[in-house]
Amino acid sequence: MFQIRIHGRGGQGVVTAAELLSIAAFEEGQHAHAFPTFGSERTGAPVTSFCRIDQSPIRSREPISAPDALIVQDPTLLHQVDLFAGLGDDGYVLINSTRSFGDLGLEEFARRFRPERLLTVPATDIAREHLGRPLPNTVLLGGFSSLSGAVSIDSVAKAIRAKFKGSVADANVVAAEKAHEYVQRERTELAAHA
Amino acid sequence: MRKQEEGSRAVAEAVALCRPQVISAYPISPQTHIVEHLSDMVRTGEIDPCEYLMVESEFAAMSAAIGASAAGSRAYTATASQGLLYMVEALYNASGLGLPIVMTVANRAIGAPINIWNDHSDSMSQRDSGWIQLYAETNQEALDMHIQAFRIAEQVSLPVMVCMDGFILTHAYEEVDIPDQAQVDSFLPPFEARQLLDPADPVTIGAMVGPEAFFEVKYLAHAKQMQAMDLIPEVAGGFASVFGRESGGLLRCYRTDDAETIVVALGSVLGTIEEAIDELREQGVRIGAVSLKSFRPFPLAEVREALGHAKRVVVLEKTLAVGIGGVASANVRTALSGIQLNGYTVIAGLGGRSITKESLLRLFEAAGRDELKPLNFLDLKTDIVDRELARVHASGPSGPHEENILRDIGVVAAEAH
């Protein structure tokens, strides 16, 4: 079982991101289960969503308290929510930011983890460029596909096309692919320095 | 067709396959997505012929469903929480008149304090309204139960509530197998009304009945639920042969054969309970679970047979009957009348409090040592309760509990826990 927790704010497509991830996993013949914790939903409020992926049917209905991976759609949450609660030392973290972990003040925190599994991606910038709107969710899924290998970028694209239509789907697929390429490059660079 | 989709959409698609002729509804979280999808499908002609009535309240939703059903249409609605309470008077009319309406209840807590999250307080408050009540464990079962519900309702002339956990199921994306129209058509024949309002041949439905016969009419409602007790497993069996999977029925046993401890629960929490049971089984603990799928009618004989050999029974329920404790547990105890075993009631998950495997493991281990009290509250934060009681004790007018407690724990606005 691979468990992903997604943090963001109302309006950033946090719930949709988990749903897309589950569709991508389903497309690959895996079992997946995505669900949100709904607060009193409003734009800007912290929102968390969850996705479990497994080879066998998933029975658990409890929120994910010990994730294998985190996707952080809004870095301002770093100061507001205990984002990293329960994340194991082998965990993956993908943060939407133009800054590095060090610049975000996470250098100390990052020591516990495997450096090649911690990355930031400028998802809002990529979204602005390709979608014309600062919606980072599908972009981050593209990046996450490269970082974690939990689902392929093709499956992410299929999921996007299952949920969106026409030019919206096309633009989101391109944005996800750009982020996938970006993370691929970052990982290659990290590997070269390792 | 296998799909990865939201529970609400899956249920809406299942209802559409049942060819409803009138859908009347008023939106309320967490039911809203279901009726939104249905209203879309009526608008686009995917469900045709069908009239979608966006009414002004839940009372109107049920009243319109009553009228539609009495006029010979297959009628559907959905609600939750305060919405269900708002239609209570009409609920009793629907069942008293024997109208086979099917309604989804997307289970949600009842205020005050206001809370949109899941528990079973809403549908449990209507357990004696004369409706058949089915509880789904998964989204697959929720959609399957709706198809079965129309069959059951129309065959026995009683309305059926299909209860599914709000958010936990309604808003969860998981794999579901949506049947095709031909399969559903072969399983569910067109609705033939047992009684029909027809202007060309006028009759009265819902006449006043005095002491000379009211008792008998009410008794018939009970007798029909007893008929439904035979019908529900029969319909589940028929469903399995057409659709190739087990869904519904009166109850489901999980690893109970040699179990000393049996956990009884309703709805989606069974998944997490099974995870906990498997973990304890690996340690050699003889524990199992019973999922109550039909709560009305309550399968006394089947529950007795499933539990009678156990040493102890833990009824875990998402409802608190204030002033006594459990609701389901009281019914389970009736089923076990005369059988000596330790029975424990556990109230859990109220207002969306997560029910975790970790807490269940602790609970079941304590149960195995017979260390539980007759009434237990899973993961109740007793320190918060104690501090509020102390405040009430210390000062005179201490203000509303909910405000005091939110201030105490430092939550400005409510969030999920």
# chains A, B, ... in the order shown; residues from 1 in each chain; ligands from 1
>>> closest_atom_pairs(of="chain A", to="chain B", cutoff="8 Å", atoms="only C-alpha atoms", output="JSON lines")
{"residue": "A:Glu19", "atom": "CA", "partner": "B:Tyr173", "partner_atom": "CA", "distance": 6.1}
{"residue": "A:Ser22", "atom": "CA", "partner": "B:Tyr173", "partner_atom": "CA", "distance": 7.1}
{"residue": "A:Ile23", "atom": "CA", "partner": "B:Gln4", "partner_atom": "CA", "distance": 5.7}
{"residue": "A:Phe26", "atom": "CA", "partner": "B:Gln4", "partner_atom": "CA", "distance": 6.4}
{"residue": "A:His31", "atom": "CA", "partner": "B:Glu175", "partner_atom": "CA", "distance": 7.2}
{"residue": "A:Ala32", "atom": "CA", "partner": "B:Glu174", "partner_atom": "CA", "distance": 6.1}
{"residue": "A:His33", "atom": "CA", "partner": "B:Glu174", "partner_atom": "CA", "distance": 4.8}
{"residue": "A:Ala34", "atom": "CA", "partner": "B:Tyr173", "partner_atom": "CA", "distance": 5.0}
{"residue": "A:Phe35", "atom": "CA", "partner": "B:Ala172", "partner_atom": "CA", "distance": 4.5}
{"residue": "A:Pro36", "atom": "CA", "partner": "B:His171", "partner_atom": "CA", "distance": 7.3}
{"residue": "A:Thr37", "atom": "CA", "partner": "B:Ala416", "partner_atom": "CA", "distance": 6.1}
{"residue": "A:Phe38", "atom": "CA", "partner": "B:Ala416", "partner_atom": "CA", "distance": 6.6}
{"residue": "A:Gly39", "atom": "CA", "partner": "B:Glu415", "partner_atom": "CA", "distance": 4.8}
{"residue": "A:Ser40", "atom": "CA", "partner": "B:Glu415", "partner_atom": "CA", "distance": 7.0}
{"residue": "A:Arg59", "atom": "CA", "partner": "B:Gly271", "partner_atom": "CA", "distance": 4.4}
{"residue": "A:Ser60", "atom": "CA", "partner": "B:Thr272", "partner_atom": "CA", "distance": 4.4}
{"residue": "A:Arg61", "atom": "CA", "partner": "B:Thr272", "partner_atom": "CA", "distance": 5.9}
{"residue": "A:Glu62", "atom": "CA", "partner": "B:Thr356", "partner_atom": "CA", "distance": 5.5}
{"residue": "A:Pro63", "atom": "CA", "partner": "B:Ser354", "partner_atom": "CA", "distance": 7.2}
>>> select_by_dssp(residues="stretch 188-388 of chain B", states="strand (DSSP E)", output="count of residues only")
33
>>> closest_residue(among="A:Glu108, A:Asp68, A:Glu177, A:Glu27", to="A:Ala127", atoms="only C-alpha atoms")
A:Glu177
>>> closest_residue(among="B:Asp180, B:Glu56, B:Asp128, B:Glu51", to="B:Ala68", atoms="only C-alpha atoms")
B:Glu51
>>> residues_around(residues="B:Ala71", least_positions_apart="5", cutoff="9 Å", atoms="only C-alpha atoms", output="PyMOL selection string")
chain B and resi 66+193+195-198
>>> write_last_selection(atoms="C-alpha atoms", output="mmCIF file, in the first residue's frame")
data_model
loop_
_atom_site.group_PDB
_atom_site.id
_atom_site.type_symbol
_atom_site.label_atom_id
_atom_site.label_comp_id
_atom_site.auth_asym_id
_atom_site.auth_seq_id
_atom_site.Cartn_x
_atom_site.Cartn_y
_atom_site.Cartn_z
ATOM 1 C CA ILE B 66 -45.618 10.627 -1.834
ATOM 2 C CA ALA B 193 -48.692 0.426 -8.256
ATOM 3 C CA GLN B 195 -52.864 1.391 -5.122
ATOM 4 C CA LEU B 196 -53.315 4.158 -7.653
ATOM 5 C CA LEU B 197 -54.672 7.687 -7.575
ATOM 6 C CA ASP B 198 -56.511 8.015 -10.861
#
>>> select_by_dssp(residues="stretch 42-168 of chain A", states="alpha helix (DSSP H)", output="PyMOL selection string")
chain A and resi 107-110+123-131+137-148+153-163+166-168
>>> write_last_selection(atoms="N, CA and C atoms", output="JSON list (two decimals), in the first residue's frame")
[["chain", "number", "residue", "atom", "x", "y", "z"],
["A", 107, "GLU", "N", 15.97, 22.98, 5.89],
["A", 107, "GLU", "CA", 17.23, 22.25, 5.78],
["A", 107, "GLU", "C", 17.40, 21.25, 6.92],
["A", 108, "GLU", "N", 17.14, 21.75, 8.11],
["A", 108, "GLU", "CA", 17.25, 20.91, 9.32],
["A", 108, "GLU", "C", 16.32, 19.71, 9.23],
["A", 109, "PHE", "N", 15.08, 20.02, 8.87],
["A", 109, "PHE", "CA", 14.04, 18.99, 8.74],
["A", 109, "PHE", "C", 14.43, 17.95, 7.70],
["A", 110, "ALA", "N", 15.02, 18.41, 6.59],
["A", 110, "ALA", "CA", 15.29, 17.54, 5.46],
["A", 110, "ALA", "C", 16.34, 16.47, 5.78],
["A", 123, "ALA", "N", 5.15, 24.97, -9.35],
["A", 123, "ALA", "CA", 3.90, 24.53, -9.99],
["A", 123, "ALA", "C", 2.98, 25.70, -10.32],
["A", 124, "THR", "N", 2.96, 26.70, -9.45],
["A", 124, "THR", "CA", 2.08, 27.85, -9.72],
["A", 124, "THR", "C", 2.55, 28.57, -10.99],
["A", 125, "ASP", "N", 3.88, 28.72, -11.14],
["A", 125, "ASP", "CA", 4.41, 29.38, -12.35],
["A", 125, "ASP", "C", 4.08, 28.57, -13.60],
["A", 126, "ILE", "N", 4.27, 27.26, -13.51],
["A", 126, "ILE", "CA", 3.98, 26.40, -14.67],
["A", 126, "ILE", "C", 2.49, 26.47, -15.00],
["A", 127, "ALA", "N", 1.66, 26.50, -13.95],
["A", 127, "ALA", "CA", 0.21, 26.57, -14.18],
["A", 127, "ALA", "C", -0.16, 27.89, -14.84],
["A", 128, "ARG", "N", 0.44, 28.98, -14.33],
["A", 128, "ARG", "CA", 0.13, 30.29, -14.93],
["A", 128, "ARG", "C", 0.47, 30.29, -16.42],
["A", 129, "GLU", "N", 1.63, 29.67, -16.73],
["A", 129, "GLU", "CA", 2.09, 29.68, -18.12],
["A", 129, "GLU", "C", 1.18, 28.85, -19.03],
["A", 130, "HIS", "N", 0.77, 27.69, -18.56],
["A", 130, "HIS", "CA", 0.05, 26.77, -19.45],
["A", 130, "HIS", "C", -1.45, 26.79, -19.28],
["A", 131, "LEU", "N", -1.91, 27.13, -18.09],
["A", 131, "LEU", "CA", -3.36, 27.14, -17.85],
["A", 131, "LEU", "C", -3.90, 28.56, -17.80],
["A", 137, "ASN", "N", -2.63, 21.96, -9.04],
["A", 137, "ASN", "CA", -2.84, 20.54, -8.68],
["A", 137, "ASN", "C", -2.40, 19.54, -9.75],
["A", 138, "THR", "N", -2.81, 19.73, -11.01],
["A", 138, "THR", "CA", -2.43, 18.75, -12.03],
["A", 138, "THR", "C", -0.93, 18.83, -12.33],
["A", 139, "VAL", "N", -0.39, 20.06, -12.21],
["A", 139, "VAL", "CA", 1.04, 20.26, -12.43],
["A", 139, "VAL", "C", 1.83, 19.40, -11.43],
["A", 140, "LEU", "N", 1.42, 19.50, -10.17],
["A", 140, "LEU", "CA", 2.12, 18.75, -9.13],
["A", 140, "LEU", "C", 2.00, 17.24, -9.34],
["A", 141, "LEU", "N", 0.87, 16.80, -9.88],
["A", 141, "LEU", "CA", 0.72, 15.37, -10.14],
["A", 141, "LEU", "C", 1.71, 14.90, -11.18],
["A", 142, "GLY", "N", 1.96, 15.75, -12.18],
["A", 142, "GLY", "CA", 2.98, 15.42, -13.18],
["A", 142, "GLY", "C", 4.34, 15.28, -12.53],
["A", 143, "GLY", "N", 4.68, 16.22, -11.67],
["A", 143, "GLY", "CA", 5.94, 16.17, -10.95],
["A", 143, "GLY", "C", 6.01, 14.96, -10.02],
["A", 144, "PHE", "N", 4.90, 14.70, -9.38],
["A", 144, "PHE", "CA", 4.85, 13.59, -8.42],
["A", 144, "PHE", "C", 5.03, 12.24, -9.11],
["A", 145, "SER", "N", 4.50, 12.15, -10.33],
["A", 145, "SER", "CA", 4.66, 10.92, -11.10],
["A", 145, "SER", "C", 6.15, 10.61, -11.29],
["A", 146, "SER", "N", 6.93, 11.65, -11.58],
["A", 146, "SER", "CA", 8.37, 11.44, -11.76],
["A", 146, "SER", "C", 9.06, 11.16, -10.42],
["A", 147, "LEU", "N", 8.69, 11.93, -9.41],
["A", 147, "LEU", "CA", 9.37, 11.81, -8.11],
["A", 147, "LEU", "C", 9.15, 10.43, -7.48],
["A", 148, "SER", "N", 7.91, 9.96, -7.46],
["A", 148, "SER", "CA", 7.58, 8.76, -6.70],
["A", 148, "SER", "C", 7.45, 7.52, -7.56],
["A", 153, "ILE", "N", 3.30, 9.09, -15.99],
["A", 153, "ILE", "CA", 2.79, 10.36, -16.51],
["A", 153, "ILE", "C", 1.68, 10.11, -17.52],
["A", 154, "ASP", "N", 1.76, 8.98, -18.23],
["A", 154, "ASP", "CA", 0.68, 8.66, -19.18],
["A", 154, "ASP", "C", -0.64, 8.44, -18.45],
["A", 155, "SER", "N", -0.55, 7.79, -17.31],
["A", 155, "SER", "CA", -1.77, 7.54, -16.53],
["A", 155, "SER", "C", -2.31, 8.84, -15.96],
["A", 156, "VAL", "N", -1.40, 9.74, -15.53],
["A", 156, "VAL", "CA", -1.85, 11.05, -15.05],
["A", 156, "VAL", "C", -2.59, 11.77, -16.17],
["A", 157, "ALA", "N", -2.04, 11.70, -17.38],
["A", 157, "ALA", "CA", -2.70, 12.35, -18.52],
["A", 157, "ALA", "C", -4.06, 11.74, -18.79],
["A", 158, "LYS", "N", -4.13, 10.41, -18.70],
["A", 158, "LYS", "CA", -5.43, 9.73, -18.91],
["A", 158, "LYS", "C", -6.44, 10.18, -17.87],
["A", 159, "ALA", "N", -5.97, 10.29, -16.62],
["A", 159, "ALA", "CA", -6.87, 10.71, -15.54],
["A", 159, "ALA", "C", -7.38, 12.13, -15.79],
["A", 160, "ILE", "N", -6.48, 13.00, -16.22],
["A", 160, "ILE", "CA", -6.89, 14.38, -16.50],
["A", 160, "ILE", "C", -7.94, 14.39, -17.61],
["A", 161, "ARG", "N", -7.71, 13.56, -18.63],
["A", 161, "ARG", "CA", -8.67, 13.52, -19.74],
["A", 161, "ARG", "C", -9.98, 12.85, -19.34],
["A", 162, "ALA", "N", -9.93, 12.00, -18.32],
["A", 162, "ALA", "CA", -11.17, 11.38, -17.85],
["A", 162, "ALA", "C", -12.04, 12.39, -17.12],
["A", 163, "LYS", "N", -11.39, 13.37, -16.50],
["A", 163, "LYS", "CA", -12.13, 14.30, -15.65],
["A", 163, "LYS", "C", -12.41, 15.64, -16.34],
["A", 166, "GLY", "N", -11.69, 18.71, -23.62],
["A", 166, "GLY", "CA", -11.27, 19.74, -24.58],
["A", 166, "GLY", "C", -9.98, 20.44, -24.23],
["A", 167, "SER", "N", -9.99, 21.77, -24.42],
["A", 167, "SER", "CA", -8.75, 22.54, -24.28],
["A", 167, "SER", "C", -8.30, 22.58, -22.82],
["A", 168, "VAL", "N", -9.24, 22.51, -21.88],
["A", 168, "VAL", "CA", -8.86, 22.49, -20.46],
["A", 168, "VAL", "C", -8.03, 21.24, -20.18]]
>>> closest_atom_pairs(of="stretch 197-240 of chain B", to="stretch 244-255 of chain B", cutoff="6 Å", atoms="only C-alpha atoms", output="CSV")
residue,atom,partner,partner_atom,distance
B:Ile232,CA,B:Gly249,CA,5.5
B:Pro233,CA,B:Gly249,CA,4.5
B:Ala236,CA,B:Gly249,CA,5.3
B:Ala240,CA,B:Gly244,CA,4.8
>>> write_last_selection(atoms="C-alpha atoms", output="JSON list (two decimals), in the first residue's frame")
[["chain", "number", "residue", "atom", "x", "y", "z"],
["B", 232, "ILE", "CA", -34.37, -8.96, 1.46],
["B", 233, "PRO", "CA", -32.13, -12.06, 1.32],
["B", 236, "ALA", "CA", -29.93, -10.21, -2.63],
["B", 240, "ALA", "CA", -26.08, -12.10, -7.09]]
>>> residues_around(residues="B:Asp185", least_positions_apart="6", cutoff="9 Å", atoms="only C-alpha atoms", output="PDB file with C-alpha atoms, in the first residue's frame")
ATOM      1  CA  LEU B  17     -30.596   2.737 -14.287  1.00  0.00           C
ATOM      2  CA  CYS B  18     -33.683   2.046 -12.155  1.00  0.00           C
ATOM      3  CA  ARG B  19     -35.679   4.371 -14.432  1.00  0.00           C
TER       4      ARG B  19
END
>>> atom_distance(atom1="atom CA of B:Ala321", atom2="atom CA of B:His120")
10.9 Å
>>> closest_residue(among="B:Ile110, B:Gly410, B:Ile277, B:Asp379", to="B:Thr319", atoms="only C-alpha atoms")
B:Ile110
>>> atom_distance(atom1="atom CA of A:Ser49", atom2="atom CA of A:Gly8")
8.7 Å
>>> residues_around(residues="B:Gln181", least_positions_apart="2", cutoff="12 Å", atoms="only C-alpha atoms", output="list in words")
Met1, Glu13, Ala14, Val15, Ala16, Leu17, Cys18, Arg19, Glu46, Ile47, Ile147, Ile178, Pro179, Gln183, Val184, Asp185, Ser186, Phe187, Leu188, Pro189 and Phe243 of chain B
>>> write_last_selection(atoms="C-alpha atoms", output="compact mmCIF listing (two decimals), in the first residue's frame")
# COMPACT_ATOMS: atom_id res chain seq x y z
CA MET B 1 -18.53 -1.29 -16.51
CA GLU B 13 -25.98 6.31 -12.03
CA ALA B 14 -27.54 3.33 -10.25
CA VAL B 15 -30.73 5.29 -9.53
CA ALA B 16 -30.83 6.38 -13.18
CA LEU B 17 -30.60 2.74 -14.29
CA CYS B 18 -33.68 2.05 -12.16
CA ARG B 19 -35.68 4.37 -14.43
CA GLU B 46 -30.29 10.46 -19.96
CA ILE B 47 -33.19 9.63 -17.66
CA ILE B 147 -31.16 -1.33 -7.39
CA ILE B 178 -21.82 -0.02 -12.90
CA PRO B 179 -24.23 -2.54 -14.40
CA GLN B 183 -29.13 -6.22 -16.63
CA VAL B 184 -31.03 -3.77 -14.42
CA ASP B 185 -34.13 -4.06 -16.60
CA SER B 186 -34.06 -7.83 -16.27
CA PHE B 187 -33.78 -7.54 -12.49
CA LEU B 188 -36.21 -4.67 -11.90
CA PRO B 189 -39.53 -4.83 -13.74
CA PHE B 243 -24.94 -9.29 -11.44
>>> atom_distance(atom1="atom CA of B:His37", atom2="atom CA of B:Thr77")
12.6 Å
>>> residues_around(residues="A:His7", least_positions_apart="4", cutoff="8 Å", atoms="only C-alpha atoms", output="list in words")
Val14, Pro46, Val47, Thr48, Ser49, Leu70, Ile71, Val72, Gln73, Asp74, Leu77 and Leu83 of chain A
>>> decode(residues="stretch 139-176 of chain A", atoms="C-alpha atoms", output="short mmCIF file (atom, residue, chain, number, x, y, z; two decimals), in the first residue's frame")
data_model
loop_
_atom_site.label_atom_id
_atom_site.label_comp_id
_atom_site.auth_asym_id
_atom_site.auth_seq_id
_atom_site.Cartn_x
_atom_site.Cartn_y
_atom_site.Cartn_z
CA VAL A 139 1.04 20.26 -12.43
CA LEU A 140 2.12 18.75 -9.13
CA LEU A 141 0.72 15.37 -10.14
CA GLY A 142 2.98 15.42 -13.18
CA GLY A 143 5.94 16.17 -10.95
CA PHE A 144 4.85 13.59 -8.42
CA SER A 145 4.66 10.92 -11.10
CA SER A 146 8.37 11.44 -11.76
CA LEU A 147 9.37 11.81 -8.11
CA SER A 148 7.58 8.76 -6.70
CA GLY A 149 6.87 6.52 -9.68
CA ALA A 150 3.54 5.72 -7.99
CA VAL A 151 1.77 6.29 -11.31
CA SER A 152 3.13 6.99 -14.79
CA ILE A 153 2.79 10.36 -16.51
CA ASP A 154 0.68 8.66 -19.18
CA SER A 155 -1.77 7.54 -16.53
CA VAL A 156 -1.85 11.05 -15.05
CA ALA A 157 -2.70 12.35 -18.52
CA LYS A 158 -5.43 9.73 -18.91
CA ALA A 159 -6.87 10.71 -15.54
CA ILE A 160 -6.89 14.38 -16.50
CA ARG A 161 -8.67 13.52 -19.74
CA ALA A 162 -11.17 11.38 -17.85
CA LYS A 163 -12.13 14.30 -15.65
CA PHE A 164 -11.74 17.30 -17.95
CA LYS A 165 -12.59 17.85 -21.57
CA GLY A 166 -11.27 19.74 -24.58
CA SER A 167 -8.75 22.54 -24.28
CA VAL A 168 -8.86 22.49 -20.46
CA ALA A 169 -7.78 18.85 -20.49
CA ASP A 170 -5.10 19.53 -23.13
CA ALA A 171 -3.60 22.44 -21.20
CA ASN A 172 -3.56 20.48 -17.94
CA VAL A 173 -1.88 17.51 -19.62
CA VAL A 174 0.82 19.80 -21.06
CA ALA A 175 1.32 21.47 -17.67
CA ALA A 176 1.62 18.09 -15.94
#
